[in-house]
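Okay, query.txt is below, compact mmCIF, C-alpha atoms:
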# COMPACT_ATOMS: atom_id res chain seq x y z
CA MET S 1 31.22 -12.26 28.87
CA MET S 2 29.33 -12.24 25.57
CA LEU S 3 31.84 -10.07 23.69
CA PRO S 4 34.84 -12.41 24.03
CA GLU S 5 32.71 -15.37 22.95
CA THR S 6 31.42 -13.43 19.95
CA LEU S 7 34.95 -12.40 18.92
CA ALA S 8 36.18 -15.98 19.31
CA GLY S 9 33.35 -17.26 17.13
CA LEU S 10 34.08 -14.59 14.50
CA ARG S 11 37.78 -15.55 14.42
CA GLY S 12 36.83 -19.20 14.01
CA PHE S 13 34.51 -18.27 11.12
CA ILE S 14 37.20 -16.29 9.30
CA GLN S 15 40.00 -18.82 9.83
CA ARG S 16 38.20 -21.53 7.86
CA ALA S 17 38.84 -22.31 4.20
CA PRO S 18 38.07 -19.32 1.93
CA THR S 19 35.65 -21.35 -0.22
CA GLN S 20 33.65 -22.39 2.84
CA VAL S 21 33.52 -18.79 4.09
CA ALA S 22 32.34 -17.62 0.64
CA LEU S 23 29.61 -20.27 0.55
CA ASP S 24 28.40 -19.29 4.01
CA LEU S 25 28.30 -15.61 3.02
CA VAL S 26 26.30 -16.46 -0.11
CA ASP S 27 23.94 -18.58 2.02
CA ILE S 28 23.41 -15.72 4.48
CA ALA S 29 22.85 -13.22 1.65
CA LEU S 30 20.24 -15.44 -0.01
CA VAL S 31 18.34 -15.94 3.23
CA ALA S 32 18.43 -12.19 3.94
CA PHE S 33 17.19 -11.44 0.41
CA LEU S 34 14.33 -13.94 0.70
CA ILE S 35 13.27 -12.50 4.06
CA TYR S 36 13.39 -8.99 2.58
CA ARG S 37 11.25 -9.97 -0.42
CA VAL S 38 8.69 -11.69 1.82
CA LEU S 39 8.45 -8.55 3.97
CA VAL S 40 8.01 -6.44 0.82
CA LEU S 41 5.19 -8.72 -0.34
CA LEU S 42 3.47 -8.45 3.04
CA LYS S 43 4.07 -4.74 3.55
CA GLY S 44 0.86 -2.72 3.73
CA THR S 45 -1.41 -5.78 3.86
CA ARG S 46 -3.40 -7.26 6.71
CA ALA S 47 -1.05 -10.23 6.63
CA MET S 48 1.65 -7.96 8.04
CA GLN S 49 -0.59 -7.05 10.96
CA THR S 50 -1.28 -10.74 11.56
CA GLY S 51 2.44 -11.46 11.45
CA VAL S 52 3.08 -8.78 14.06
CA GLY S 53 0.37 -10.36 16.23
CA LEU S 54 2.03 -13.79 15.95
CA ALA S 55 5.39 -12.26 16.88
CA LEU S 56 3.82 -10.77 20.01
CA VAL S 57 2.42 -14.21 20.90
CA PHE S 58 5.96 -15.65 20.69
CA VAL S 59 7.28 -12.84 22.90
CA ILE S 60 4.57 -13.45 25.51
CA TYR S 61 5.25 -17.21 25.33
CA HIS S 62 8.94 -16.80 26.13
CA ALA S 63 8.22 -14.20 28.82
CA ALA S 64 5.72 -16.55 30.50
CA ARG S 65 8.26 -19.38 30.40
CA ARG S 66 11.02 -17.18 31.82
CA PHE S 67 8.98 -15.76 34.70
CA GLY S 68 7.22 -19.01 35.60
CA LEU S 69 3.66 -18.12 34.53
CA ILE S 70 2.69 -21.78 34.27
CA THR S 71 -0.95 -21.44 33.20
CA LEU S 72 -0.26 -18.88 30.50
CA TRP S 73 2.79 -20.79 29.28
CA THR S 74 0.85 -24.06 29.09
CA MET S 75 -1.95 -22.46 27.02
CA LEU S 76 0.48 -20.84 24.60
CA ASP S 77 2.58 -24.00 24.39
CA THR S 78 -0.49 -25.95 23.30
CA LEU S 79 -1.33 -23.25 20.76
CA LEU S 80 2.18 -23.08 19.31
CA THR S 81 2.25 -26.86 18.84
CA TYR S 82 0.05 -26.27 15.78
CA ILE S 83 1.82 -23.07 14.68
CA VAL S 84 2.75 -24.41 11.21
CA LEU S 85 -0.87 -25.31 10.48
CA ILE S 86 -2.03 -21.95 11.85
CA ILE S 87 0.40 -20.05 9.63
CA VAL S 88 -0.65 -21.98 6.52
CA VAL S 89 -4.35 -21.33 7.23
CA ILE S 90 -3.90 -17.62 8.02
CA PHE S 91 -1.48 -16.83 5.20
CA GLN S 92 -2.79 -19.17 2.51
CA ASN S 93 -3.84 -16.35 0.17
CA ASP S 94 -0.57 -14.50 0.66
CA ILE S 95 1.47 -17.66 0.12
CA ARG S 96 -0.43 -18.36 -3.10
CA ARG S 97 0.10 -14.80 -4.35
CA ALA S 98 3.81 -14.98 -3.52
CA LEU S 99 4.22 -18.23 -5.46
CA MET S 100 2.31 -16.76 -8.40
CA ARG S 101 4.66 -13.79 -8.42
CA VAL S 102 7.69 -16.05 -8.46
CA GLY S 103 6.15 -17.89 -11.42
CA GLN S 104 5.50 -14.59 -13.19
CA ARG S 105 9.13 -13.50 -12.60
CA ARG S 106 7.95 -10.40 -10.75
CA PHE S 107 9.69 -11.53 -7.57
CA LEU S 108 13.16 -10.60 -8.77
CA ARG S 109 12.31 -7.73 -11.06
CA GLY S 110 12.71 -4.20 -9.72
CA PRO S 111 10.60 -1.21 -10.75
CA SER S 112 11.63 0.95 -13.67
CA MET S 113 12.17 4.55 -12.55
CA SER S 114 11.48 6.07 -15.97
CA ARG S 115 8.34 3.97 -16.41
CA GLU S 116 6.94 5.10 -13.06
CA HIS S 117 7.71 8.75 -13.88
CA HIS S 118 5.83 8.40 -17.17
CA LEU S 119 2.97 6.74 -15.33
CA ILE S 120 2.75 9.46 -12.69
CA ASP S 121 2.89 12.24 -15.28
CA ALA S 122 0.08 10.66 -17.30
CA VAL S 123 -2.09 10.25 -14.19
CA VAL S 124 -1.46 13.82 -13.01
CA LYS S 125 -2.32 15.29 -16.43
CA ALA S 126 -5.46 13.16 -16.73
CA CYS S 127 -6.63 14.08 -13.22
CA THR S 128 -6.06 17.77 -13.92
CA SER S 129 -8.27 17.57 -17.00
CA LEU S 130 -10.92 15.53 -15.18
CA VAL S 131 -11.06 18.04 -12.30
CA GLN S 132 -11.57 20.91 -14.73
CA LYS S 133 -14.58 19.10 -16.22
CA ARG S 134 -15.87 17.88 -12.82
CA ILE S 135 -15.63 14.23 -13.92
CA GLY S 136 -15.15 11.63 -11.18
CA ALA S 137 -12.32 9.09 -11.41
CA LEU S 138 -10.72 6.28 -9.42
CA ILE S 139 -7.17 5.25 -10.38
CA VAL S 140 -5.40 2.47 -8.47
CA PHE S 141 -1.64 1.84 -8.55
CA GLU S 142 -0.97 -1.82 -7.78
CA ARG S 143 2.31 -2.18 -5.89
CA ASP S 144 3.71 -5.30 -4.23
CA ALA S 145 0.44 -6.78 -2.96
CA SER S 146 -1.69 -8.31 -5.72
CA LEU S 147 -5.20 -6.85 -6.06
CA GLU S 148 -6.81 -9.88 -7.69
CA GLU S 149 -8.10 -11.27 -4.37
CA PHE S 150 -9.81 -8.03 -3.38
CA ILE S 151 -11.44 -6.52 -6.49
CA GLU S 152 -14.37 -7.41 -8.67
CA PRO S 153 -12.67 -7.60 -12.09
CA GLY S 154 -13.63 -5.21 -14.85
CA VAL S 155 -12.58 -5.07 -18.49
CA GLU S 156 -9.01 -6.24 -19.08
CA LEU S 157 -7.21 -3.85 -21.42
CA ASP S 158 -3.42 -4.25 -20.98
CA ALA S 159 -2.81 -0.91 -22.65
CA VAL S 160 -0.18 1.81 -22.56
CA VAL S 161 -1.13 4.47 -19.98
CA THR S 162 -1.77 7.86 -21.54
CA LYS S 163 -3.60 10.97 -20.45
CA GLU S 164 -6.08 10.64 -23.31
CA LEU S 165 -6.93 7.01 -22.53
CA LEU S 166 -7.49 7.67 -18.82
CA TYR S 167 -9.63 10.71 -19.59
CA SER S 168 -11.80 8.85 -22.11
CA ILE S 169 -12.42 5.92 -19.74
CA PHE S 170 -14.00 8.16 -17.09
CA VAL S 171 -16.17 10.28 -19.40
CA PRO S 172 -19.72 9.50 -18.15
CA SER S 173 -21.94 7.94 -20.78
CA TYR S 174 -24.49 5.14 -21.06
CA GLU S 175 -22.35 3.77 -23.86
CA ASN S 176 -19.25 3.72 -21.64
CA PRO S 177 -19.85 1.13 -18.89
CA MET S 178 -16.24 1.41 -17.64
CA HIS S 179 -16.55 4.98 -16.35
CA ASP S 180 -18.27 4.01 -13.11
CA GLY S 181 -15.51 1.68 -11.84
CA ALA S 182 -11.81 1.91 -11.07
CA VAL S 183 -8.82 1.79 -13.36
CA ILE S 184 -6.08 -0.60 -12.19
CA LEU S 185 -2.49 0.18 -13.17
CA ARG S 186 -0.09 -2.77 -13.00
CA GLU S 187 3.61 -2.79 -13.93
CA GLY S 188 3.37 0.50 -15.78
CA ARG S 189 0.39 -0.52 -17.92
CA LEU S 190 -3.36 -0.05 -17.73
CA TRP S 191 -4.41 -3.53 -16.64
CA GLN S 192 -8.17 -3.17 -16.05
CA ALA S 193 -10.93 -0.58 -16.29
CA GLY S 194 -14.37 -0.69 -14.70
CA ALA S 195 -13.18 -2.73 -11.70
CA PHE S 196 -15.03 -2.52 -8.38
CA LEU S 197 -13.21 -2.17 -5.06
CA PRO S 198 -14.15 -3.20 -1.50
CA LEU S 199 -15.66 -0.40 0.59
CA THR S 200 -14.10 0.55 3.90
CA VAL S 201 -16.09 -0.32 7.03
CA SER S 202 -14.35 2.19 9.27
CA PRO S 203 -16.86 3.85 11.64
CA LYS S 204 -14.57 6.88 12.01
CA LEU S 205 -14.67 7.88 8.37
CA ASP S 206 -15.80 11.37 7.46
CA ARG S 207 -19.51 11.14 6.60
CA THR S 208 -19.14 13.62 3.76
CA LEU S 209 -17.10 11.11 1.77
CA GLY S 210 -18.95 9.26 -0.96
CA THR S 211 -18.71 5.76 -2.33
CA ARG S 212 -15.74 6.47 -4.57
CA HIS S 213 -13.62 7.68 -1.66
CA ARG S 214 -14.78 4.81 0.56
CA ALA S 215 -13.74 2.32 -2.10
CA ALA S 216 -10.33 3.99 -2.42
CA ILE S 217 -9.75 3.83 1.33
CA GLY S 218 -11.06 0.26 1.45
CA ILE S 219 -8.54 -1.13 -1.06
CA SER S 220 -5.70 0.82 0.59
CA GLU S 221 -6.60 -0.80 3.93
CA GLU S 222 -6.46 -4.29 2.45
CA THR S 223 -3.31 -3.85 0.32
CA ASP S 224 -0.37 -1.49 -0.19
CA ALA S 225 -2.04 0.07 -3.24
CA VAL S 226 -1.99 3.83 -3.81
CA VAL S 227 -5.27 5.28 -5.08
CA VAL S 228 -5.95 8.63 -6.74
CA VAL S 229 -9.56 9.87 -6.48
CA VAL S 230 -11.15 12.70 -8.43
CA SER S 231 -14.39 13.97 -6.89
CA GLU S 232 -17.06 15.13 -9.30
CA GLU S 233 -18.96 16.88 -6.48
CA ARG S 234 -16.06 18.93 -5.09
CA GLY S 235 -13.87 19.01 -8.18
CA ALA S 236 -10.92 17.98 -6.01
CA ILE S 237 -8.17 15.35 -6.10
CA SER S 238 -7.35 13.03 -3.19
CA VAL S 239 -4.75 10.32 -2.59
CA CYS S 240 -5.39 7.24 -0.43
CA PHE S 241 -2.67 4.98 0.97
CA SER S 242 -2.47 2.64 3.97
CA GLY S 243 -6.00 3.59 5.03
CA ASN S 244 -5.21 7.34 4.99
CA ILE S 245 -6.73 9.97 2.75
CA VAL S 246 -5.04 13.23 1.73
CA ARG S 247 -7.45 15.63 0.11
CA ASN S 248 -7.62 18.78 -2.02
CA LEU S 249 -4.39 18.30 -3.97
CA ASP S 250 -3.46 20.34 -7.03
CA ALA S 251 -1.37 19.01 -9.91
CA ASN S 252 1.99 19.84 -8.33
CA SER S 253 1.16 18.50 -4.87
CA LEU S 254 -0.33 15.33 -6.43
CA ARG S 255 2.90 14.71 -8.33
CA GLU S 256 4.97 15.37 -5.19
CA ALA S 257 2.79 13.01 -3.14
CA LEU S 258 3.04 10.18 -5.68
CA LEU S 259 6.80 10.61 -6.08
CA GLY S 260 7.15 10.61 -2.31
CA LEU S 261 5.10 7.42 -1.97
CA PHE S 262 6.82 5.56 -4.80
CA HIS S 263 10.39 6.82 -4.50
CA GLY S 264 10.66 8.37 -1.03
CA ARG S 265 12.31 11.45 -2.44
CA ASN S 266 12.75 14.60 -0.41
CA ARG S 267 11.43 17.54 -2.37
CA LYS S 268 12.05 21.17 -1.61
CA LYS S 269 8.95 22.97 -0.40
CA ARG S 270 7.60 25.52 -2.84
CA SER S 271 8.30 29.06 -1.67
CA ASP S 272 5.23 30.56 -3.29
CA GLY S 273 2.98 28.56 -0.93
CA ALA S 274 1.21 25.57 -2.43
CA ARG S 275 -2.44 25.11 -1.76
CA ARG S 276 -2.83 23.11 1.41
CA SER S 277 -4.25 19.61 1.35
CA VAL S 278 -7.19 19.18 3.68
CA LEU S 279 -7.64 16.15 5.90
CA PRO S 280 -11.03 15.33 7.40
CA ALA S 281 -11.67 16.61 10.90
CA ARG S 282 -11.25 13.04 12.18
CA PRO S 283 -8.51 10.90 10.60
CA SER S 284 -9.93 8.35 8.18
CA THR S 285 -8.47 5.32 9.89
CA LEU S 286 -9.59 1.93 11.04
CA PRO S 287 -9.94 1.56 14.80
CA ARG S 288 -7.58 -1.41 14.88
CA ARG S 289 -4.44 0.68 14.57
CA GLU S 290 -3.08 4.20 14.50
CA ARG S 291 -2.00 5.44 11.11
CA SER S 292 0.15 8.33 10.02
CA SER S 293 -1.74 11.00 8.14
CA SER S 294 1.20 12.44 6.30
CA VAL S 295 2.56 11.57 2.89
CA PRO S 296 6.13 10.30 3.37
CA SER S 297 8.91 12.38 1.88
CA ALA S 298 6.59 14.83 0.18
CA PRO S 299 7.20 18.03 2.15
CA SER S 300 5.45 20.23 -0.40
CA VAL S 301 2.14 18.69 0.61
CA ASP S 302 0.95 20.42 3.77
CA LEU S 303 -0.98 17.86 5.77
CA ARG S 304 -2.14 20.01 8.65
CA SER S 305 -5.61 18.94 9.68
CA GLU S 306 -8.55 21.20 8.91
CA SER S 307 -12.28 20.71 8.96
CA ALA S 308 -13.62 19.26 5.77
CA PRO S 309 -15.99 21.50 3.77
CA ASP S 310 -19.61 20.72 4.48
CA LEU S 311 -20.64 19.58 1.02
CA PRO S 312 -22.90 16.64 0.21
CA GLU S 313 -21.17 13.67 -1.34
CA GLY S 314 -23.46 10.78 -0.55
CA LYS S 315 -23.79 9.43 -4.06
CA VAL S 316 -21.16 7.75 -6.16
CA GLN S 317 -18.83 10.50 -7.28
Can you turn what I pasted into structure tokens?
Amino acid sequence: MMLPETLAGLRGFIQRAPTQVALDLVDIALVAFLIYRVLVLLKGTRAMQTGVGLALVFVIYHAARRFGLITLWTMLDTLLTYIVLIIVVIFQNDIRRALMRVGQRRFLRGPSMSREHHLIDAVVKACTSLVQKRIGALIVFERDASLEEFIEPGVELDAVVTKELLYSIFVPSYENPMHDGAVILREGRLWQAGAFLPLTVSPKLDRTLGTRHRAAIGISEETDAVVVVVSEERGAISVCFSGNIVRNLDANSLREALLGLFHGRNRKKRSDGARRSVLPARPSTLPRRERSSSVPSAPSVDLRSESAPDLPEGKVQ
């Protein structure tokens, strides 16, 4: 019954004037693009989780109406009467950030592949040098979600990202106040140094993780940022994303993980056997949702769970 009606509607759409059909197609494409960009802005943030919750409320509302659940339907009907006000209150920060991005012309601009490759190479080289010297570091890649609402700002630099600059920022010294915070990378440049991140409050987090790792997981829970952590206690590199932590990466596996997260590329697994990355015995996740503990599209990074080494890391690394 539905198929003939659909075909009839499609024939009626096509048989109209070509200019009207073209305008409708442009209209549909613009709406689809706007919806896509909004989803990209919300991806990896708590606003996305809230949006999913609101969608479930709509599903329950229609199900209650269909099956005659009068009490439940009446309650939800009263709630949804103020849905516009609810959405504005819940998503006010995200709406403001989205409008700021449109004003900054970041909404339409796509990422530069060569710039991100240069960025990843500089970070990998700097982390390799920092690990050799047992110097702690915290490097945050800002993606689609703005970090300004979640961090305590540090020193704004707006500098070209190089291995030497990243290394010098984290060298511990009383005369270098930036070394104890995080470096924020935005649009291929070093935006801030010495910034402070929110700590995770997950009760399931591995107790051997120190403040630096907790801050990295905390910002990845709040936004879609990717964070690279260098531990001065263990002399190891970790990557945090979407509330997950992947630990004990070497230079090659770090590069593969970052390329997988930023570009989704499938890489051939090294035949000589890369050093395995070690996840904590219990996944470092928030109790509110299940998270995947694997790095997407980075098959060279072995994410099989093992027990974390029993080393103290209670202080800021």
ask   = Between atom CA of S:Glu187 and atom CA of S:Leu258, what is the spacing in Å?
value =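 Interatomic distance, atom CA of S:Leu258 to atom CA of S:Glu187: 15.4 Å.
Around S:Val21, within 12 Å and counting only C-alpha atoms, the residues found are Leu10, Arg11, Gly12, Phe13, Ile14, Gln15, Asp27 and Ile28 of chain S, once anything fewer than 6 positions away on its own chain is removed.
Take atom CA of S:Leu197 and atom CA of S:Glu152: the distance between them is 6.5 Å.
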Hey, which bits of stretch 161-265 of chain S sit within 10 Å of stretch 118-135 of chain S, and for each residue what's the closest pair of atoms and how far apart in Å (one decimal), counting all atoms listed in the file, rows by chain and increasing number, as JSON lines?
{"residue": "S:Val161", "atom": "CA", "partner": "S:Leu119", "partner_atom": "CA", "distance": 6.6}
{"residue": "S:Thr162", "atom": "CA", "partner": "S:Ala122", "partner_atom": "CA", "distance": 5.4}
{"residue": "S:Lys163", "atom": "CA", "partner": "S:Ala126", "partner_atom": "CA", "distance": 4.7}
{"residue": "S:Glu164", "atom": "CA", "partner": "S:Ala126", "partner_atom": "CA", "distance": 7.1}
{"residue": "S:Leu165", "atom": "CA", "partner": "S:Ala126", "partner_atom": "CA", "distance": 8.6}
{"residue": "S:Leu166", "atom": "CA", "partner": "S:Ala126", "partner_atom": "CA", "distance": 6.2}
{"residue": "S:Tyr167", "atom": "CA", "partner": "S:Ala126", "partner_atom": "CA", "distance": 5.6}
{"residue": "S:Ser168", "atom": "CA", "partner": "S:Ala126", "partner_atom": "CA", "distance": 9.4}
{"residue": "S:Phe170", "atom": "CA", "partner": "S:Ile135", "partner_atom": "CA", "distance": 7.0}
{"residue": "S:Val171", "atom": "CA", "partner": "S:Ile135", "partner_atom": "CA", "distance": 6.8}
{"residue": "S:Pro172", "atom": "CA", "partner": "S:Ile135", "partner_atom": "CA", "distance": 7.5}
{"residue": "S:His179", "atom": "CA", "partner": "S:Ile135", "partner_atom": "CA", "distance": 9.6}
{"residue": "S:Leu185", "atom": "CA", "partner": "S:Leu119", "partner_atom": "CA", "distance": 8.8}
{"residue": "S:Glu187", "atom": "CA", "partner": "S:Leu119", "partner_atom": "CA", "distance": 9.7}
{"residue": "S:Gly188", "atom": "CA", "partner": "S:Leu119", "partner_atom": "CA", "distance": 6.3}
{"residue": "S:Arg189", "atom": "CA", "partner": "S:Leu119", "partner_atom": "CA", "distance": 8.1}
{"residue": "S:Leu190", "atom": "CA", "partner": "S:Leu119", "partner_atom": "CA", "distance": 9.6}
{"residue": "S:Val228", "atom": "CA", "partner": "S:Cys127", "partner_atom": "CA", "distance": 8.5}
{"residue": "S:Val229", "atom": "CA", "partner": "S:Cys127", "partner_atom": "CA", "distance": 8.5}
{"residue": "S:Val230", "atom": "CA", "partner": "S:Val131", "partner_atom": "CA", "distance": 6.6}
{"residue": "S:Ser231", "atom": "CA", "partner": "S:Ile135", "partner_atom": "CA", "distance": 7.1}
{"residue": "S:Glu232", "atom": "CA", "partner": "S:Arg134", "partner_atom": "CA", "distance": 4.6}
{"residue": "S:Glu233", "atom": "CA", "partner": "S:Arg134", "partner_atom": "CA", "distance": 7.1}
{"residue": "S:Arg234", "atom": "CA", "partner": "S:Arg134", "partner_atom": "CA", "distance": 7.8}
{"residue": "S:Gly235", "atom": "CA", "partner": "S:Val131", "partner_atom": "CA", "distance": 5.1}
{"residue": "S:Ala236", "atom": "CA", "partner": "S:Val131", "partner_atom": "CA", "distance": 6.3}
{"residue": "S:Ile237", "atom": "CA", "partner": "S:Val131", "partner_atom": "CA", "distance": 7.4}
{"residue": "S:Asp250", "atom": "CA", "partner": "S:Thr128", "partner_atom": "CA", "distance": 7.8}
{"residue": "S:Ala251", "atom": "CA", "partner": "S:Val124", "partner_atom": "CA", "distance": 6.0}
{"residue": "S:Asn252", "atom": "CA", "partner": "S:Val124", "partner_atom": "CA", "distance": 8.4}
{"residue": "S:Ser253", "atom": "CA", "partner": "S:Val124", "partner_atom": "CA", "distance": 9.7}
{"residue": "S:Leu254", "atom": "CA", "partner": "S:Val124", "partner_atom": "CA", "distance": 6.8}
{"residue": "S:Arg255", "atom": "CA", "partner": "S:Val124", "partner_atom": "CA", "distance": 6.5}
{"residue": "S:Glu256", "atom": "CA", "partner": "S:Ile120", "partner_atom": "CA", "distance": 9.8}
{"residue": "S:Leu258", "atom": "CA", "partner": "S:Ile120", "partner_atom": "CA", "distance": 7.1}
{"residue": "S:Leu259", "atom": "CA", "partner": "S:Ile120", "partner_atom": "CA", "distance": 7.8}
{"residue": "S:Phe262", "atom": "CA", "partner": "S:Ile120", "partner_atom": "CA", "distance": 9.7}
message = As an exercise, work out the distance from atom CA of S:Gly136 to atom CA of S:Arg212 in Å and give it to one decimal place.
response =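 Computing the Euclidean distance for atom CA of S:Gly136 and atom CA of S:Arg212 yields 8.4 Å.
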Quick one: residues within 7 Å of S:Ala193, all atoms listed in the file, excluding same-chain residues fewer than 4 positions away - as a CSV table (one decimal) with C-alpha atoms, in the frame of the given file?
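around_8.csv written:
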chain,number,residue,atom,x,y,z
S,154,GLY,CA,-13.6,-5.2,-14.8
S,155,VAL,CA,-12.6,-5.1,-18.5
S,156,GLU,CA,-9.0,-6.2,-19.1
S,178,MET,CA,-16.2,1.4,-17.6
S,181,GLY,CA,-15.5,1.7,-11.8
S,182,ALA,CA,-11.8,1.9,-11.1
S,183,VAL,CA,-8.8,1.8,-13.4
S,184,ILE,CA,-6.1,-0.6,-12.2
ask   = Between S:Ala64, S:Leu39, S:Ala29, S:Leu72, which one has atoms that come closest to S:Val52, using only C-alpha atoms?
value =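 That would be S:Leu39, the residue with the smallest distance to S:Val52.
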query = Of the candidates S:Phe241, S:Tyr82, S:Phe33, S:Tyr61, which shows the shortest atom-to-atom distance to S:Ala225, using only C-alpha atoms?
reply =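 When distances to S:Ala225 are compared using only C-alpha atoms, the smallest one comes from S:Phe241.
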task = Would you list the residues near (-5.0, -0.9, -21.8) (no more than 6 Å away, in the coordinates of the file, using only C-alpha atoms) as number ranges by chain?
result = S: 157-160, 190-191
Any chance you could work out the axis-aligned box around stretch 18-28 of chain S, listed atoms only, 3 Å on each side, giving centre and edge lengths in Å to one decimal, as JSON?
{"center_x": 30.7, "center_y": -19.0, "center_z": 2.1, "size_x": 20.7, "size_y": 12.8, "size_z": 10.7}
